[in-house]
Amino acid sequence: MKARVHVSFKNGVLDPQGKAIGLTLANLGFDGVGDVRQGKLIELDLAESDPGAARKSVEAMCEKLLANTVIENYAIELEED
Amino acid sequence: MKARVHVSFKNGVLDPQGKAIGLTLANLGFDGVGDVRQGKLIELDLAESDPGAARKSVEAMCEKLLANTVIENYAIELEED
Amino acid sequence: MKASVIVFPGSNCDRDVQVALANAIGGPVDMVWHGDSEMAKTDLIVLPGGFSYGDYLRSGAMSARSPVMREVVARAEQGVAVLGICNGFQVLTEAGLLPGALLPNAGLKFVCRDVQIRVENSQTLFTNGYQAGQTLRIPVAHHDGQYFVEPDRLDEMQAGDQIAFRYCAGEEGRKNNPNGSIDDIAGVFNRRKTVLGLMPHPERAADASHGGTDGQGLLNSLVSALS
Amino acid sequence: MRNEPNITPEQVAEHGLTQDEYQTILHVLGREPNLTELGIFSVMWSEHCSYKSSKFWLKTLPTEAPWVICGPGENAGVVDIGEGKAAIFKMESHNHPSFIEPYQGAATGVGGILRDVFTMGARPIANMNALRFGAPKDAKTRHLVSGVVAGVGGYGNCVGVPTVGGEVNFDAAYNGNILVNAMTVGLADADRIFYSAAAGIGNPVVYVGSKTGRDGIHGATMASAEFDDATEEKRPTVQVGDPFTEKLLIEACLELMATDTIVAIQDMGAAGLTCSSVEMADKGGVGFDLDIDKVPQREEGMTPYEVMLSESQERMLIVLRPGTEAQAQAIFDKWQLDFAVVGHVSDTGRFTGRVDGEVVFDIPVRPLVEESPEYERPWVKPAAPAPTAPVTAPMGHMEALQSLLAGPDLSSRRWVWEQYDHTVMADTVRKPGGDAAIVRIHGSGRGLAIATDCTPRYCRAEPHQGGAQAVAEVWRNITAVGARPLAITDCLNFGNPERPEIMGEFVGCIQGMGEACRALDFPVVSGNVSLYNETHGQAILPTPAIGGIGILDDLERHADLALRRQDDILILIGGTAGHLGQSIYLRHLLGRSDGPPPPVDLAAEQRNGNFVRELITESRVDTCHDLSDGGLLVAAAEMAMAGDIGLELSGPDEAGYWFGEDQGRYLIAVPAGEAAEILQKAAQAQVPAEKLGRSGGGTLTLNAGAPISLSELRRTHEAWLPDFMRNDLHE
Ligand SMILES: Nc1ncnc2c1ncn2[C@@H]1O[C@H](COP(=O)(O)OP(=O)(O)O)[C@@H](O)[C@H]1O
Ligand SMILES: [Mg+2]
């Protein structure tokens with residue numbers, strides 16, 4: 001089973017990368033681009049095949065390592081092979 | 001319209017971050033985690049409302065700025081408001 | 001006084017701080033490998049600068065979960081002094097020993113230069129050798145030094161005198177705050193003032209050939225408080 | 001051996017081999033090669049690995065001195081610096097990959113040169129970087145500057161080695177072909193240097209570091225091919241660097257080197273496992289027998305061809321003493337690095353690879369190395385430049401100064417070096433921004449001075465003078481801080497050597513370098529050649545980048561460019577003829593590039609330099625700056641800005657005097673009471689010296705003209721690069 005974890009900054013936390021991308025896109029002549037946010041997408045191959053167990057384990061990984069919940073949110077998507 | 005761009009290393013390109021995450025998850029006692037890859041997820045708010053035009057414009061952004069196609073792939077998802 | 005420097009894979013200021021501390025103490029300093037879950041009795045634990053685990057994922061994230069950190073947290077709870085410099089500061093926030101988090105610099109670039117910082121609280125074991133309000137010139141060298149903390153928590157920290165150092169007036173024509181830190185914060189304490197994290201590197205301003213010795217006071221403060 | 005289809009002429013050509021070279025392969029093997037063997041020959045005989053166009057001329061460079069422990073031929077050069085210590089250093093190019101992927105190209109360039117140095121037993125203590133970009137107005141330049149600088153910093157900062165200096169040039173000749181040259185200096189015990197010659201039949205051959213993937217296959221042949229639009233289309237896989245693993249590898253290797261287990265060690269650089277194995281076997285006069293399937297692999301289904309040609313980063317090959325495998329493995333396990341016994345040293349004299357016991361390649365080592373092509377390519381001596389046309393000053397000298405300091409050639413490089421950690425290791429005594437950088441030899445009162453230099457526009461105008469000038473300028477920069485110059489490394493960046501005029505530039509530069517090295521007793525101990533730096537037949541400027549080191553026996557006695565006191569007398573050392581040919585003044589203010597470069601008088605260079613160094617080591621001078629691009633007035637202004645102390649200058653009202661680039665010159669500042677004696681000493685030593693002005697105040701004044709404030713001067717000097725780079729985003 002594959003898991004995809006999307007980690008993004010919480011609202012209210014400055015996202016300088018997103019801001020810089022927005023600015024550069026404007027400089028490059030791309031009009032009509034509003035807010036830009038940059039997050040991480042972490043893809044994991046899991047041996048676990050039970051979706052419930054897999055989600056629980058990935059949640060634990062997020063809480064323990066993959067996200068810093070002081071500043072970040074995370075969302076998990078599972079995908080069966 | 002919103003666009004989500006997923007930028008990831010091409011297959012076969014070393015992903016040092018993914019490698020280190022995998023190592024740490026194993027050290028933390030998470031078993032059964034195979035390959036780990038870390039990519040970027042860039043979310044953009046676009047003024048454009050026509051999906052065809054939006055996709056074309058985001059593709060141009062990817063080629064010009066968001067991805068380095070020498071080592072990275074990108075995938076675009078559009079989402080109407 | 002006994003001091004211990006933790007070495008994580010990718011630490012690269014471990015030797016620098018060891019040398020500076022040994023000079024201040026006038027005796028040896030223990031080096032502790034991150035994989036060890038036991039540590040000899042010690043009065044001061046230092047988490048050095050560097051790129052532990054390459055700063056991959058988030059700076060300090062992976063080190064904060066290494067076996068030795070459980071021991072560091074336990075010692076900190078017992079009141080043992082803990083000092084985190086640069087990457088060590090990042091590890092301390094990731095491990096929950098200090099509030100807030102360190103984000104990529106607002107300028108998105110690594111920045112290595114001298115900064116001026118103001119001593120905000122000189123009533124601690126880390127800062128007793130300085131005067132409150134005193135200005136120090138100390139180098140920074142980091143990519144992820146933008147301190148962030150929720151506004152409510154920041155108010156609490158102000159009220160509890162938990163701000164250790166702030167970036168202050170710098171060189172002519174340059175922004176003083178090198179990384180966009182909230183409220184110009186360069187270093188913070190825990191509530192009890194037994195844990196300090198800061199981005200500037202006192203060990204790189206600790207002998208005359210560094211071009212300045214303003215960092216020496218921090219090390220001397222510890223020696224006088226803990227010996 | 002496995003049966004494989006015959007090699008076609010197209011395959012030969014795709015591997016960058018000529019039909020003649022292929023005939024030699026048939027002769028060496030006595031049969032047709034299989035594809036893996038063809039791949040092995042092609043990388044070993046690429047320009048990058050075999051130096052086939054340059055070997056003949058490289059041999060003419062002086063490489064010896066009593067203090068040289070190991071000259072060219074090993075991974076890096078080794079120099080005795082006294083008190084039982086050795087400095088190990090080398091410079092290398094990563095030009096083509098950096099053009100395609102600036103961040104990773106530059107980063108892996110730094111990684112590669114670090115490995116060359118620590119593989120010999122040294123702890124890296126300083127990095128330098130010499131960078132050449134296209135014209136500022138070229139559309140790609142900003143992106144390349146941003147990515148390269150971030151990449152150099154990204155790697156060096158993470159491994160924790162200070163980047164203490166370098167150079168940055170802009171010129172349209174590099175629009176399609178930037179130069180990224182990185183240098184590392186390391187420190188070792190002089191009696192614990194590690195070499196690459198394999199020995200001991202049956203000894204285990206061990207692979208350590210990262211796993212092998214399909215990275216940069218054909219990187220070495222790419223580095224030896226010209227660019228065209230198709231290259232960008234093909235987008236060859238550029239390697240991604242992992243500085244974290246490199247840091248672990250440094251620590252693990254140094255830990256292993258402290259034990260008594262290593263027979264020979266070599267990093268895997270260009271052409272990876274192939275080149276490292278062949279070199280180790282050849283140097284030891286032995287064979288290597290490898291089990292390809294034992295090589296740690298990151299990807300599935302890799303062919304022997306791919307494993308042998310991969311340029312995955314952060315890998316080393318070691319021959320161990322028998323029976324020490326477990327002891328060695330424990331160290332690499334501790335650092336969580338791969339460790340695998342992948343073969344053994346054999347007495348067959350052959351380089352053999354097996355998969356599941358079946359032989360997949362089998363090549364005699366000696367001829368693979370010795371029969372490699374060597375060309376004495378035809379060359380023509382470039383025509384001597386016409387004399388410099390008359391120069392009419394387009395503006396007042398102070399106005400000219402302001403324009404020069406605020407332009408791409410002479411503006412401050414602070415934006416670059418503040419992205420590099422230049423103070424980690426806590427031994428940086430003189431940071432970037434001065435002449436040579438100084439790093440303390442850890443735990444001692446001595447230091448190493450390090451500088452890189454080259455003036456490519458001089459090399460284009462007159463290669464011989466240009467080559468000599470590059471060496472002389474490095475020597476001068478090291479001297480200017482008070483250090484004794486010891487030796488150099490070089491990185492010879494040129495266009496297509498198959499063109500006689502390019503080969504002429506190469507030959508001229510080498511001859512000039514050799515002459516300067518001999519005259520200044522400044523031998524070449526390591527180096528690197530990068531040819532085919534051309535796009536659409538447009539060659540780069542000939543760029544023999546030179547990196548040098550010197551020793552400071554007492555750190556208390558060194559000089560730096562910043563004025564330190566009010567009322568010091570500024571003295572110019574060295575003769576001034578007012579040579580404006582090829583100067584920045586002509587280029588920046590008049591858009592001209594005519595005339596010969598300033599002549600290099602090596603005897604005067606040495607005399608003037610030795611005089612200045614003696615003053616510094618006698619503690620009579622602590623403020624010194626050498627003169628180079630931009631000439632006298634620029635150097636004086638740099639000293640004033642660095643010390644934040646003004647200057648009142650006087651001299652002839654001639655552009656040539658203030659902006660000429662005559663060689664072998666220094667500015668020193670001494671307390672007023674000592675000036676007379678120093679001038680007298682200079683006269684005795686037959687060293688030209690003249691009083692130029694006096695320090696004080698906060699402005700710069702020339703011949704009682706209108707003063708300009710230092711803070712205004714500094715503002716524009718510091719502004720150009722950040723303004724140019726504003727809002728740029730790398731990655
Ligand atoms: N790419 C770079 N990296 C680090 N430092 C640099 C770089 N480019 C220039 N510098 C520093 O800026 C200063 C001025 O450089 P340069 O004008 O080339 O000096 P010089 O003319 O004395 O050789 C030197 O201290 C040099 O080390
Ligand atoms: Mg100089």
# chains A, B, ... in the order shown; residues from 1 in each chain; ligands from 1
call {"tool": "residues_around", "arguments": {"residues": "Ile42 (chain B)", "least_positions_apart": "4", "cutoff": "6 Å", "atoms": "only C-alpha atoms", "output": "ChimeraX atom specification"}}
result
/A:37-38 /B:4-5
call {"tool": "write_last_selection", "arguments": {"atoms": "N, CA and C atoms", "output": "short mmCIF file (atom, residue, chain, number, x, y, z; two decimals), in the first residue's frame"}}
result
data_model
loop_
_atom_site.label_atom_id
_atom_site.label_comp_id
_atom_site.auth_asym_id
_atom_site.auth_seq_id
_atom_site.Cartn_x
_atom_site.Cartn_y
_atom_site.Cartn_z
N ARG A 37 1.21 28.73 -2.20
CA ARG A 37 1.69 28.07 -0.98
C ARG A 37 2.56 26.90 -1.39
N GLN A 38 3.64 26.71 -0.68
CA GLN A 38 4.45 25.53 -0.97
C GLN A 38 4.46 24.58 0.21
N ARG B 4 -2.89 22.59 -8.25
CA ARG B 4 -1.93 21.94 -7.35
C ARG B 4 -0.85 21.30 -8.22
N VAL B 5 0.37 21.68 -7.96
CA VAL B 5 1.47 21.12 -8.75
C VAL B 5 2.32 20.24 -7.84
#
call {"tool": "interface_residues", "arguments": {"of": "chain C", "to": "chain A", "cutoff": "12 Å", "atoms": "only C-alpha atoms", "output": "PyMOL selection string"}}
result
chain C and resi 56-66+90-91+93-96+98-109+144+146-151+153+179-182
call {"tool": "closest_residue", "arguments": {"among": "C:Ser227, C:Gln134, C:Thr194, C:Ser209", "to": "chain D", "atoms": "only C-alpha atoms"}}
result
C:Ser209
call {"tool": "residues_around", "arguments": {"residues": "region 151-162 of chain D", "least_positions_apart": "4", "cutoff": "6 Å", "atoms": "only C-alpha atoms", "output": "list in words"}}
result
Asn12 and Phe51 of chain C; Tyr103, Ala106, Ala107, Ile125, Ala126, Gly147, Pro243, Lys247, Tyr420, Asp421, His422, Thr423 and Val424 of chain D
call {"tool": "residues_around", "arguments": {"residues": "Gln78 (chain C)", "least_positions_apart": "5", "cutoff": "12 Å", "atoms": "only C-alpha atoms", "output": "JSON, numbers by chain"}}
result
{"C": [41, 42, 43, 44, 71, 72, 73, 192, 194, 195]}
